[in-house]
Protein chains: 2
Amino acid sequence: MSDDVSALPEIPDGYITLDWRHGFAGQIGPLYRRLAAGRATMAFRVEERHTNGMLNAHGGMLMTFADMAWGHVVSVETSSYWVTVRLTCDFLAAAKLGDWIEAGGETLSVEDGLYIVRGRVWCGDNTLMSGLGIFKPLKRREPRRGEKAFRG
Amino acid sequence: MSDDVSALPEIPDGYITLDWRHGFAGQIGPLYRRLAAGRATMAFRVEERHTNGMLNAHGGMLMTFADMAWGHVVSVETSSYWVTVRLTCDFLAAAKLGDWIEAGGETLSVEDGLYIVRGRVWCGDNTLMSGLGIFKPLKRREPRRGEKAFRG
């Protein structure tokens, strides 16, 4: 055993790197995704460039991550592009430099074509953020592996 | 007259560049601030690195910007560091590549030491985002020019 942090696995089992290289998503990445038992979670490791003055993950980074991870439920369920209509984020605890942060959501209802998603962001057993997203699917695209419409 | 966009003033009158070089704020900047008639607004110009796949400002960037600009009300009123407790963002319209985006907020109430701030993000006459922030002031710091406690 060693206390050397660099000896820890960089990316936990099952996670793959998302190939988002452009625009804002490319700038804040890399983000990671895991599909297990039909549910998707996203993750990232807190680097210096994600932090605020207290060396915790910046609230803006956590909200951006929550938006992507909670809205991703719409991708998995509908294989559509989507936009965010409303996002509410409750900040419960801080994420520290080096932490491995995960997020996921579940659809509470679909009303007038709007997806109401309850989401969570966590680090290990610790919930960092809880919230609700309202997302609007746009046009359909080719289903990807792990999405409900995908036939592999 | 010319349609050459590069001929437009890069930074509207009264705005100064915020010197935030570290962490997440440094990565998404530069941001700008203007103090007029005792009210502060923040601004940024949408660059490629702020965009989503549709070349509009990414929702995460707009929320990050809203968080900073609406919470800035607490800085001006209390000369304190602060954290975000809850942020609710309603997305009303898109910001396009090259747009000059501004934001500001006003305190609706102060309850149990929490600041309830109503905020807006706009581009010209067009409101892009409306929302509510709940912010908690932390320890006081030296007042800066333009803040209520500042004696110049």
# chains A, B, ... in the order shown; residues from 1 in each chain; ligands from 1
>>> interface_residues(of="chain A", to="chain B", cutoff="6 Å", atoms="only C-alpha atoms", output="PDB file with C-alpha atoms, in the first residue's frame")
ATOM      1  CA  GLY A  23     -16.275  25.034 -27.533  1.00  0.00           C
ATOM      2  CA  PHE A  24     -17.115  25.185 -23.863  1.00  0.00           C
ATOM      3  CA  GLU A  48      -6.800  23.419 -10.657  1.00  0.00           C
ATOM      4  CA  ARG A  49      -8.520  24.948 -13.682  1.00  0.00           C
ATOM      5  CA  HIS A  50     -11.914  23.847 -12.278  1.00  0.00           C
ATOM      6  CA  THR A  51     -11.453  25.538  -8.913  1.00  0.00           C
ATOM      7  CA  ASN A  52     -12.477  28.717  -7.097  1.00  0.00           C
ATOM      8  CA  GLY A  60     -20.053  27.251 -12.284  1.00  0.00           C
ATOM      9  CA  THR A  64     -22.137  23.016 -16.056  1.00  0.00           C
ATOM     10  CA  VAL A  85     -35.207  25.190 -20.235  1.00  0.00           C
ATOM     11  CA  ARG A  86     -34.626  25.538 -16.489  1.00  0.00           C
ATOM     12  CA  LEU A  87     -32.023  24.273 -14.073  1.00  0.00           C
ATOM     13  CA  THR A  88     -32.204  24.511 -10.294  1.00  0.00           C
ATOM     14  CA  CYS A  89     -29.107  23.594  -8.317  1.00  0.00           C
ATOM     15  CA  ASP A  90     -28.825  23.241  -4.546  1.00  0.00           C
ATOM     16  CA  PHE A  91     -25.232  23.355  -3.346  1.00  0.00           C
TER      17      PHE A  91
END
>>> select_by_dssp(residues="segment 31-63 of chain A", states="strand (DSSP E)", output="MDAnalysis selection string")
chainID A and resid 32:36 39:45
>>> select_by_dssp(residues="segment 2-123 of chain B", states="alpha helix (DSSP H)", output="PDB file with all heavy atoms, in the first residue's frame")
ATOM      1  N   GLY B  23      -7.733  29.358 -11.803  1.00  0.00           N
ATOM      2  CA  GLY B  23      -8.850  28.440 -11.666  1.00  0.00           C
ATOM      3  C   GLY B  23      -9.889  28.602 -12.765  1.00  0.00           C
ATOM      4  O   GLY B  23      -9.584  29.000 -13.887  1.00  0.00           O
ATOM      5  N   PHE B  24     -11.131  28.287 -12.394  1.00  0.00           N
ATOM      6  CA  PHE B  24     -12.206  28.260 -13.378  1.00  0.00           C
ATOM      7  C   PHE B  24     -12.512  29.649 -13.912  1.00  0.00           C
ATOM      8  O   PHE B  24     -12.733  29.830 -15.124  1.00  0.00           O
ATOM      9  CB  PHE B  24     -13.449  27.644 -12.743  1.00  0.00           C
ATOM     10  CG  PHE B  24     -14.482  27.191 -13.726  1.00  0.00           C
ATOM     11  CD1 PHE B  24     -14.205  26.172 -14.621  1.00  0.00           C
ATOM     12  CD2 PHE B  24     -15.738  27.763 -13.758  1.00  0.00           C
ATOM     13  CE1 PHE B  24     -15.163  25.733 -15.537  1.00  0.00           C
ATOM     14  CE2 PHE B  24     -16.702  27.326 -14.659  1.00  0.00           C
ATOM     15  CZ  PHE B  24     -16.419  26.319 -15.546  1.00  0.00           C
ATOM     16  N   ALA B  25     -12.509  30.656 -13.037  1.00  0.00           N
ATOM     17  CA  ALA B  25     -12.811  32.022 -13.471  1.00  0.00           C
ATOM     18  C   ALA B  25     -11.784  32.510 -14.487  1.00  0.00           C
ATOM     19  O   ALA B  25     -12.120  33.200 -15.449  1.00  0.00           O
ATOM     20  CB  ALA B  25     -12.864  32.954 -12.266  1.00  0.00           C
ATOM     21  N   GLY B  26     -10.517  32.133 -14.271  1.00  0.00           N
ATOM     22  CA  GLY B  26      -9.477  32.523 -15.218  1.00  0.00           C
ATOM     23  C   GLY B  26      -9.644  31.826 -16.555  1.00  0.00           C
ATOM     24  O   GLY B  26      -9.358  32.401 -17.612  1.00  0.00           O
ATOM     25  N   GLN B  27     -10.133  30.604 -16.500  1.00  0.00           N
ATOM     26  CA  GLN B  27     -10.264  29.816 -17.720  1.00  0.00           C
ATOM     27  C   GLN B  27     -11.386  30.330 -18.622  1.00  0.00           C
ATOM     28  O   GLN B  27     -11.270  30.305 -19.850  1.00  0.00           O
ATOM     29  CB  GLN B  27     -10.536  28.361 -17.337  1.00  0.00           C
ATOM     30  CG  GLN B  27     -10.426  27.403 -18.508  1.00  0.00           C
ATOM     31  CD  GLN B  27     -10.717  25.973 -18.081  1.00  0.00           C
ATOM     32  OE1 GLN B  27     -10.882  25.680 -16.910  1.00  0.00           O
ATOM     33  NE2 GLN B  27     -10.792  25.093 -19.048  1.00  0.00           N
ATOM     34  N   ILE B  28     -12.493  30.776 -18.020  1.00  0.00           N
ATOM     35  CA  ILE B  28     -13.643  31.185 -18.836  1.00  0.00           C
ATOM     36  C   ILE B  28     -13.598  32.659 -19.214  1.00  0.00           C
ATOM     37  O   ILE B  28     -14.364  33.090 -20.062  1.00  0.00           O
ATOM     38  CB  ILE B  28     -14.980  30.913 -18.115  1.00  0.00           C
ATOM     39  CG1 ILE B  28     -15.095  31.793 -16.863  1.00  0.00           C
ATOM     40  CG2 ILE B  28     -15.109  29.437 -17.771  1.00  0.00           C
ATOM     41  CD1 ILE B  28     -16.484  31.902 -16.359  1.00  0.00           C
ATOM     42  N   GLY B  59     -24.985  26.692 -22.197  1.00  0.00           N
ATOM     43  CA  GLY B  59     -25.763  26.933 -20.994  1.00  0.00           C
ATOM     44  C   GLY B  59     -24.915  26.967 -19.733  1.00  0.00           C
ATOM     45  O   GLY B  59     -25.171  27.741 -18.819  1.00  0.00           O
ATOM     46  N   GLY B  60     -23.880  26.134 -19.696  1.00  0.00           N
ATOM     47  CA  GLY B  60     -22.986  26.123 -18.541  1.00  0.00           C
ATOM     48  C   GLY B  60     -22.235  27.433 -18.388  1.00  0.00           C
ATOM     49  O   GLY B  60     -22.041  27.931 -17.274  1.00  0.00           O
ATOM     50  N   MET B  61     -21.837  28.007 -19.514  1.00  0.00           N
ATOM     51  CA  MET B  61     -21.159  29.310 -19.467  1.00  0.00           C
ATOM     52  C   MET B  61     -22.117  30.386 -18.978  1.00  0.00           C
ATOM     53  O   MET B  61     -21.755  31.220 -18.137  1.00  0.00           O
ATOM     54  CB  MET B  61     -20.606  29.656 -20.860  1.00  0.00           C
ATOM     55  CG  MET B  61     -19.962  31.026 -20.954  1.00  0.00           C
ATOM     56  SD  MET B  61     -18.505  31.196 -19.883  1.00  0.00           S
ATOM     57  CE  MET B  61     -18.368  32.989 -19.770  1.00  0.00           C
ATOM     58  N   LEU B  62     -23.341  30.366 -19.469  1.00  0.00           N
ATOM     59  CA  LEU B  62     -24.324  31.376 -19.051  1.00  0.00           C
ATOM     60  C   LEU B  62     -24.654  31.247 -17.562  1.00  0.00           C
ATOM     61  O   LEU B  62     -24.794  32.251 -16.856  1.00  0.00           O
ATOM     62  CB  LEU B  62     -25.598  31.260 -19.894  1.00  0.00           C
ATOM     63  CG  LEU B  62     -25.495  31.736 -21.342  1.00  0.00           C
ATOM     64  CD1 LEU B  62     -26.840  31.580 -22.049  1.00  0.00           C
ATOM     65  CD2 LEU B  62     -25.028  33.193 -21.428  1.00  0.00           C
ATOM     66  N   MET B  63     -24.745  30.014 -17.074  1.00  0.00           N
ATOM     67  CA  MET B  63     -25.028  29.821 -15.648  1.00  0.00           C
ATOM     68  C   MET B  63     -23.846  30.255 -14.787  1.00  0.00           C
ATOM     69  O   MET B  63     -24.029  30.854 -13.725  1.00  0.00           O
ATOM     70  CB  MET B  63     -25.359  28.352 -15.368  1.00  0.00           C
ATOM     71  CG  MET B  63     -26.737  27.947 -15.860  1.00  0.00           C
ATOM     72  SD  MET B  63     -27.221  26.317 -15.243  1.00  0.00           S
ATOM     73  CE  MET B  63     -26.063  25.291 -16.153  1.00  0.00           C
ATOM     74  N   THR B  64     -22.646  29.931 -15.245  1.00  0.00           N
ATOM     75  CA  THR B  64     -21.443  30.352 -14.515  1.00  0.00           C
ATOM     76  C   THR B  64     -21.383  31.872 -14.436  1.00  0.00           C
ATOM     77  O   THR B  64     -21.116  32.455 -13.381  1.00  0.00           O
ATOM     78  CB  THR B  64     -20.188  29.816 -15.231  1.00  0.00           C
ATOM     79  OG1 THR B  64     -20.245  28.389 -15.271  1.00  0.00           O
ATOM     80  CG2 THR B  64     -18.928  30.262 -14.532  1.00  0.00           C
ATOM     81  N   PHE B  65     -21.652  32.505 -15.575  1.00  0.00           N
ATOM     82  CA  PHE B  65     -21.644  33.961 -15.654  1.00  0.00           C
ATOM     83  C   PHE B  65     -22.741  34.550 -14.756  1.00  0.00           C
ATOM     84  O   PHE B  65     -22.502  35.522 -14.016  1.00  0.00           O
ATOM     85  CB  PHE B  65     -21.839  34.352 -17.125  1.00  0.00           C
ATOM     86  CG  PHE B  65     -21.950  35.815 -17.371  1.00  0.00           C
ATOM     87  CD1 PHE B  65     -20.922  36.681 -17.024  1.00  0.00           C
ATOM     88  CD2 PHE B  65     -23.083  36.337 -17.984  1.00  0.00           C
ATOM     89  CE1 PHE B  65     -21.034  38.044 -17.268  1.00  0.00           C
ATOM     90  CE2 PHE B  65     -23.195  37.685 -18.236  1.00  0.00           C
ATOM     91  CZ  PHE B  65     -22.171  38.541 -17.869  1.00  0.00           C
ATOM     92  N   ALA B  66     -23.936  33.948 -14.795  1.00  0.00           N
ATOM     93  CA  ALA B  66     -25.039  34.417 -13.954  1.00  0.00           C
ATOM     94  C   ALA B  66     -24.678  34.301 -12.475  1.00  0.00           C
ATOM     95  O   ALA B  66     -24.922  35.224 -11.682  1.00  0.00           O
ATOM     96  CB  ALA B  66     -26.302  33.609 -14.258  1.00  0.00           C
ATOM     97  N   ASP B  67     -24.099  33.175 -12.101  1.00  0.00           N
ATOM     98  CA  ASP B  67     -23.704  32.954 -10.709  1.00  0.00           C
ATOM     99  C   ASP B  67     -22.754  34.057 -10.241  1.00  0.00           C
ATOM    100  O   ASP B  67     -22.924  34.651  -9.173  1.00  0.00           O
ATOM    101  CB  ASP B  67     -23.030  31.583 -10.608  1.00  0.00           C
ATOM    102  CG  ASP B  67     -22.582  31.233  -9.200  1.00  0.00           C
ATOM    103  OD1 ASP B  67     -23.394  31.348  -8.278  1.00  0.00           O
ATOM    104  OD2 ASP B  67     -21.413  30.836  -9.043  1.00  0.00           O
ATOM    105  N   MET B  68     -21.764  34.351 -11.062  1.00  0.00           N
ATOM    106  CA  MET B  68     -20.785  35.375 -10.698  1.00  0.00           C
ATOM    107  C   MET B  68     -21.421  36.763 -10.641  1.00  0.00           C
ATOM    108  O   MET B  68     -21.158  37.540  -9.722  1.00  0.00           O
ATOM    109  CB  MET B  68     -19.651  35.381 -11.724  1.00  0.00           C
ATOM    110  CG  MET B  68     -18.778  34.141 -11.671  1.00  0.00           C
ATOM    111  SD  MET B  68     -17.632  34.121 -13.082  1.00  0.00           S
ATOM    112  CE  MET B  68     -16.583  32.736 -12.623  1.00  0.00           C
ATOM    113  N   ALA B  69     -22.246  37.079 -11.627  1.00  0.00           N
ATOM    114  CA  ALA B  69     -22.797  38.436 -11.734  1.00  0.00           C
ATOM    115  C   ALA B  69     -23.882  38.678 -10.686  1.00  0.00           C
ATOM    116  O   ALA B  69     -23.967  39.769 -10.109  1.00  0.00           O
ATOM    117  CB  ALA B  69     -23.365  38.655 -13.137  1.00  0.00           C
ATOM    118  N   TRP B  70     -24.715  37.682 -10.438  1.00  0.00           N
ATOM    119  CA  TRP B  70     -25.791  37.858  -9.454  1.00  0.00           C
ATOM    120  C   TRP B  70     -25.214  37.835  -8.037  1.00  0.00           C
ATOM    121  O   TRP B  70     -25.626  38.604  -7.184  1.00  0.00           O
ATOM    122  CB  TRP B  70     -26.873  36.786  -9.631  1.00  0.00           C
ATOM    123  CG  TRP B  70     -27.502  36.782 -11.008  1.00  0.00           C
ATOM    124  CD1 TRP B  70     -27.353  37.740 -11.987  1.00  0.00           C
ATOM    125  CD2 TRP B  70     -28.355  35.788 -11.578  1.00  0.00           C
ATOM    126  NE1 TRP B  70     -28.061  37.387 -13.105  1.00  0.00           N
ATOM    127  CE2 TRP B  70     -28.686  36.193 -12.893  1.00  0.00           C
ATOM    128  CE3 TRP B  70     -28.882  34.579 -11.106  1.00  0.00           C
ATOM    129  CZ2 TRP B  70     -29.516  35.444 -13.735  1.00  0.00           C
ATOM    130  CZ3 TRP B  70     -29.720  33.832 -11.940  1.00  0.00           C
ATOM    131  CH2 TRP B  70     -30.030  34.262 -13.230  1.00  0.00           C
ATOM    132  N   GLY B  71     -24.266  36.941  -7.794  1.00  0.00           N
ATOM    133  CA  GLY B  71     -23.624  36.893  -6.484  1.00  0.00           C
ATOM    134  C   GLY B  71     -22.783  38.127  -6.213  1.00  0.00           C
ATOM    135  O   GLY B  71     -22.523  38.476  -5.058  1.00  0.00           O
ATOM    136  N   HIS B  72     -22.374  38.802  -7.276  1.00  0.00           N
ATOM    137  CA  HIS B  72     -21.564  40.010  -7.115  1.00  0.00           C
ATOM    138  C   HIS B  72     -22.311  41.092  -6.337  1.00  0.00           C
ATOM    139  O   HIS B  72     -21.699  41.960  -5.712  1.00  0.00           O
ATOM    140  CB  HIS B  72     -21.157  40.531  -8.498  1.00  0.00           C
ATOM    141  CG  HIS B  72     -20.164  41.645  -8.454  1.00  0.00           C
ATOM    142  ND1 HIS B  72     -18.911  41.505  -7.893  1.00  0.00           N
ATOM    143  CD2 HIS B  72     -20.243  42.932  -8.876  1.00  0.00           C
ATOM    144  CE1 HIS B  72     -18.272  42.657  -7.987  1.00  0.00           C
ATOM    145  NE2 HIS B  72     -19.052  43.534  -8.570  1.00  0.00           N
ATOM    146  N   VAL B  73     -23.632  41.034  -6.366  1.00  0.00           N
ATOM    147  CA  VAL B  73     -24.451  41.950  -5.561  1.00  0.00           C
ATOM    148  C   VAL B  73     -24.056  41.849  -4.088  1.00  0.00           C
ATOM    149  O   VAL B  73     -23.992  42.861  -3.378  1.00  0.00           O
ATOM    150  CB  VAL B  73     -25.953  41.605  -5.755  1.00  0.00           C
ATOM    151  CG1 VAL B  73     -26.812  42.366  -4.763  1.00  0.00           C
ATOM    152  CG2 VAL B  73     -26.376  41.889  -7.178  1.00  0.00           C
ATOM    153  N   VAL B  74     -23.779  40.645  -3.625  1.00  0.00           N
ATOM    154  CA  VAL B  74     -23.377  40.443  -2.231  1.00  0.00           C
ATOM    155  C   VAL B  74     -22.010  41.085  -1.973  1.00  0.00           C
ATOM    156  O   VAL B  74     -21.785  41.690  -0.919  1.00  0.00           O
ATOM    157  CB  VAL B  74     -23.351  38.931  -1.884  1.00  0.00           C
ATOM    158  CG1 VAL B  74     -22.912  38.706  -0.446  1.00  0.00           C
ATOM    159  CG2 VAL B  74     -24.711  38.305  -2.140  1.00  0.00           C
ATOM    160  N   SER B  75     -21.114  40.981  -2.944  1.00  0.00           N
ATOM    161  CA  SER B  75     -19.813  41.637  -2.816  1.00  0.00           C
ATOM    162  C   SER B  75     -19.981  43.141  -2.658  1.00  0.00           C
ATOM    163  O   SER B  75     -19.372  43.764  -1.782  1.00  0.00           O
ATOM    164  CB  SER B  75     -18.951  41.378  -4.071  1.00  0.00           C
ATOM    165  OG  SER B  75     -18.712  40.008  -4.246  1.00  0.00           O
ATOM    166  N   VAL B  76     -20.815  43.731  -3.496  1.00  0.00           N
ATOM    167  CA  VAL B  76     -21.001  45.184  -3.486  1.00  0.00           C
ATOM    168  C   VAL B  76     -21.670  45.627  -2.188  1.00  0.00           C
ATOM    169  O   VAL B  76     -21.308  46.639  -1.602  1.00  0.00           O
ATOM    170  CB  VAL B  76     -21.837  45.624  -4.715  1.00  0.00           C
ATOM    171  CG1 VAL B  76     -22.218  47.093  -4.616  1.00  0.00           C
ATOM    172  CG2 VAL B  76     -21.053  45.359  -6.000  1.00  0.00           C
ATOM    173  N   GLU B  77     -22.636  44.844  -1.715  1.00  0.00           N
ATOM    174  CA  GLU B  77     -23.396  45.273  -0.544  1.00  0.00           C
ATOM    175  C   GLU B  77     -22.705  44.971   0.777  1.00  0.00           C
ATOM    176  O   GLU B  77     -22.936  45.663   1.767  1.00  0.00           O
ATOM    177  CB  GLU B  77     -24.795  44.633  -0.569  1.00  0.00           C
ATOM    178  CG  GLU B  77     -25.606  45.129  -1.762  1.00  0.00           C
ATOM    179  CD  GLU B  77     -27.093  44.783  -1.689  1.00  0.00           C
ATOM    180  OE1 GLU B  77     -27.548  44.295  -0.641  1.00  0.00           O
ATOM    181  OE2 GLU B  77     -27.782  45.031  -2.692  1.00  0.00           O
ATOM    182  N   THR B  78     -21.873  43.934   0.823  1.00  0.00           N
ATOM    183  CA  THR B  78     -21.307  43.517   2.116  1.00  0.00           C
ATOM    184  C   THR B  78     -19.783  43.469   2.158  1.00  0.00           C
ATOM    185  O   THR B  78     -19.208  43.256   3.229  1.00  0.00           O
ATOM    186  CB  THR B  78     -21.814  42.100   2.499  1.00  0.00           C
ATOM    187  OG1 THR B  78     -21.191  41.135   1.637  1.00  0.00           O
ATOM    188  CG2 THR B  78     -23.323  41.992   2.376  1.00  0.00           C
TER     189      THR B  78
END
>>> atom_distance(atom1="atom CA of Ser80 of chain B", atom2="atom CA of Arg45 of chain B")
27.2 Å
>>> residues_around(residues="segment 97-102 of chain B", least_positions_apart="3", cutoff="6 Å", atoms="only C-alpha atoms", output="number ranges by chain")
B: 42-47, 56, 121-123
>>> write_last_selection(atoms="C-alpha atoms", output="mmCIF file, in the first residue's frame")
data_model
loop_
_atom_site.group_PDB
_atom_site.id
_atom_site.type_symbol
_atom_site.label_atom_id
_atom_site.label_comp_id
_atom_site.auth_asym_id
_atom_site.auth_seq_id
_atom_site.Cartn_x
_atom_site.Cartn_y
_atom_site.Cartn_z
ATOM 1 C CA MET B 42 -20.801 42.173 -15.518
ATOM 2 C CA ALA B 43 -20.233 41.310 -19.154
ATOM 3 C CA PHE B 44 -18.367 39.065 -21.567
ATOM 4 C CA ARG B 45 -18.155 38.611 -25.314
ATOM 5 C CA VAL B 46 -19.096 35.153 -26.625
ATOM 6 C CA GLU B 47 -16.009 33.481 -28.082
ATOM 7 C CA ASN B 56 -24.485 29.671 -29.164
ATOM 8 C CA VAL B 121 -28.725 38.066 -18.259
ATOM 9 C CA TRP B 122 -29.272 40.048 -21.456
ATOM 10 C CA CYS B 123 -27.908 41.003 -24.868
#
